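One structure below.
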Amino acid sequence: MPEEMKPVFENDPMPFFCGSANACFTACCRDLNQALTPYDILRMKNSLGIDSGTFLRRYTSRHFGPDSGLPVVSFKPDPAFGHACPFVTETGCSVYHDRPGSCRMYPLARAISRSRESGKIREYFALIEEEHCMGFGKNTGLTVRQWLDSQAVDLHNHYNDQLIALISLKNRMMPGKLAGGHADLFYKALYDLDTFKTQIFEQDLLAPNVLPGLVVEKIRDRDEALFELGIQWVKYQIFGIEMTWS
Ligand code: SF4
Ligand code: SF4
């Protein structure tokens with residue numbers, strides 16, 4: 001349980017350092033209960049050079065939220081290693097360059113609000129001080145913003161915010177539990193991107209929508225484009241919102 005959540009601002013000093021010099025090094029990776037976002041999975045499966053179905057089967061477990069019906073994907077506990085992350089090693093994280101957004105953000109919590117007029121996102125941060133973590137009280141000379149930049153977390157936030165917007169839309173338009181077929185569709189289009197892609201190209205999944213050639217090229221080459229198409233596909237299938245191309 002967090003001991004303290006203290007609001008911080010981007011120009012505040014960031015009194016935190018994580019590294020192998022800390023006696024707690026990797027302790028936080030050995031007792032996980034960590035939800036993964038579609039973009040987390042996209043980055044890690046590509047880092048490992050495997051497809052999304054293999055990644056999901058090998059490393060994750062899934063359940064559906066009892067109230068929302070939305071898929072919740074987390075690292076799967078391994079009987080041999082308990083709740084340790086499958087990627088933790090004695091020398092640190094074996095997927096460090098592509099680690100999940102929550103690993104990058106810790107010990108900051110982030111919340112956002114979105115302007116109704118401009119769609120612009122405003123970020124709010126709080127520092128979570130937990131007893132087991134010995135990274136606090138170390139002066140790095142960095143501000144909160146500089147520390148966030150050092151974690152390269154902006155891309156994760158960019159794609160995770162699209163998921164948050166989709167979930168907000170669902171909560172507004174369809175409060176309560178998502179039906180089973182819709183929940184499966186949500187999972188496939190956002191979390192299991194390689195299966196989604198195969199079904200687009202081999203089974204004409206998106207019919208009657210016809211993808212412009214430029215979009216076809218983009219989704220063949222870039223999983224990020226495929227994810228954004230998945231968001232549109234979910235909106236079209238579940239809420240009847242027309243797909244648009246840019
Ligand atoms: S417990 Fe804190 S300082 Fe220690 S490795 Fe984890 S994040 Fe870093
Ligand atoms: S992905 Fe890396 S940083 Fe995140 S919990 Fe696993 S080992 Fe730790």
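FYI, nothing fancy with the structure tokens labels: chains A, B, ... in order, residues from 1 per chain, ligands from 1 as they appear.
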Could you give me, as a tab-separated table, every chain A residue with an atom at most 8 Å from ligand 2, plus its closest atom pair and distance in Å to one decimal, counting only C-alpha atoms and all ligand atoms, rows ordered by chain then number?
```
residue	atom	partner	partner_atom_place_in_ligand_line	distance
A:Thr26	CA	ligand 2	8 (Fe)	6.5
A:Cys28	CA	ligand 2	8 (Fe)	6.9
A:Cys29	CA	ligand 2	5 (S)	4.1
A:Arg30	CA	ligand 2	5 (S)	7.4
A:Leu32	CA	ligand 2	5 (S)	7.0
A:Gln34	CA	ligand 2	5 (S)	8.0
A:Ala84	CA	ligand 2	5 (S)	7.8
A:Cys85	CA	ligand 2	6 (Fe)	4.6
A:Pro86	CA	ligand 2	6 (Fe)	6.4
A:Phe87	CA	ligand 2	7 (S)	4.5
A:Val88	CA	ligand 2	7 (S)	3.6
A:Thr89	CA	ligand 2	7 (S)	7.0
A:Gly92	CA	ligand 2	7 (S)	6.4
A:Cys93	CA	ligand 2	7 (S)	4.0
A:Ser94	CA	ligand 2	2 (Fe)	6.4
A:Val95	CA	ligand 2	2 (Fe)	5.8
A:Tyr96	CA	ligand 2	2 (Fe)	5.7
A:Asp98	CA	ligand 2	1 (S)	7.9
A:Arg99	CA	ligand 2	1 (S)	4.6
A:Pro100	CA	ligand 2	1 (S)	5.9
A:Ser102	CA	ligand 2	4 (Fe)	7.5
A:Cys103	CA	ligand 2	4 (Fe)	4.7
A:Arg104	CA	ligand 2	3 (S)	7.4
```
Which residues come within 6 Å of range 8-24 of chain A, counting only C-alpha atoms, excluding same-chain residues fewer than 6 positions away, as number ranges by chain?
A: 125-126, 135-139, 142-145
CA of Lys177 in chain A to CA of Pro71 in chain A: how many Å, to one decimal?
11.0 Å
As a PyMOL selection string, please: every residue in range 26-142 of chain A that DSSP puts in strand (DSSP E or B).
chain A and resi 35-36+60-64+71-75+78+82+88-89+92-93+108-114+121-129+136
Nearest to ligand 1, restricted to only C-alpha atoms and all ligand atoms and choosing among A:Leu108, A:Leu48, A:Met174, A:Val73, comes out as A:Leu108
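Nearest residue to ligand 1, choosing from A:Pro77, A:Gly82, A:Pro107, A:Gly141 and counting only C-alpha atoms and all ligand atoms: A:Pro107.
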Find the residues around range 160-173 of chain A up to 7 Å (only C-alpha atoms counted), leave out those fewer than 2 positions away in its own chain, and share them as a count of residues only.
6
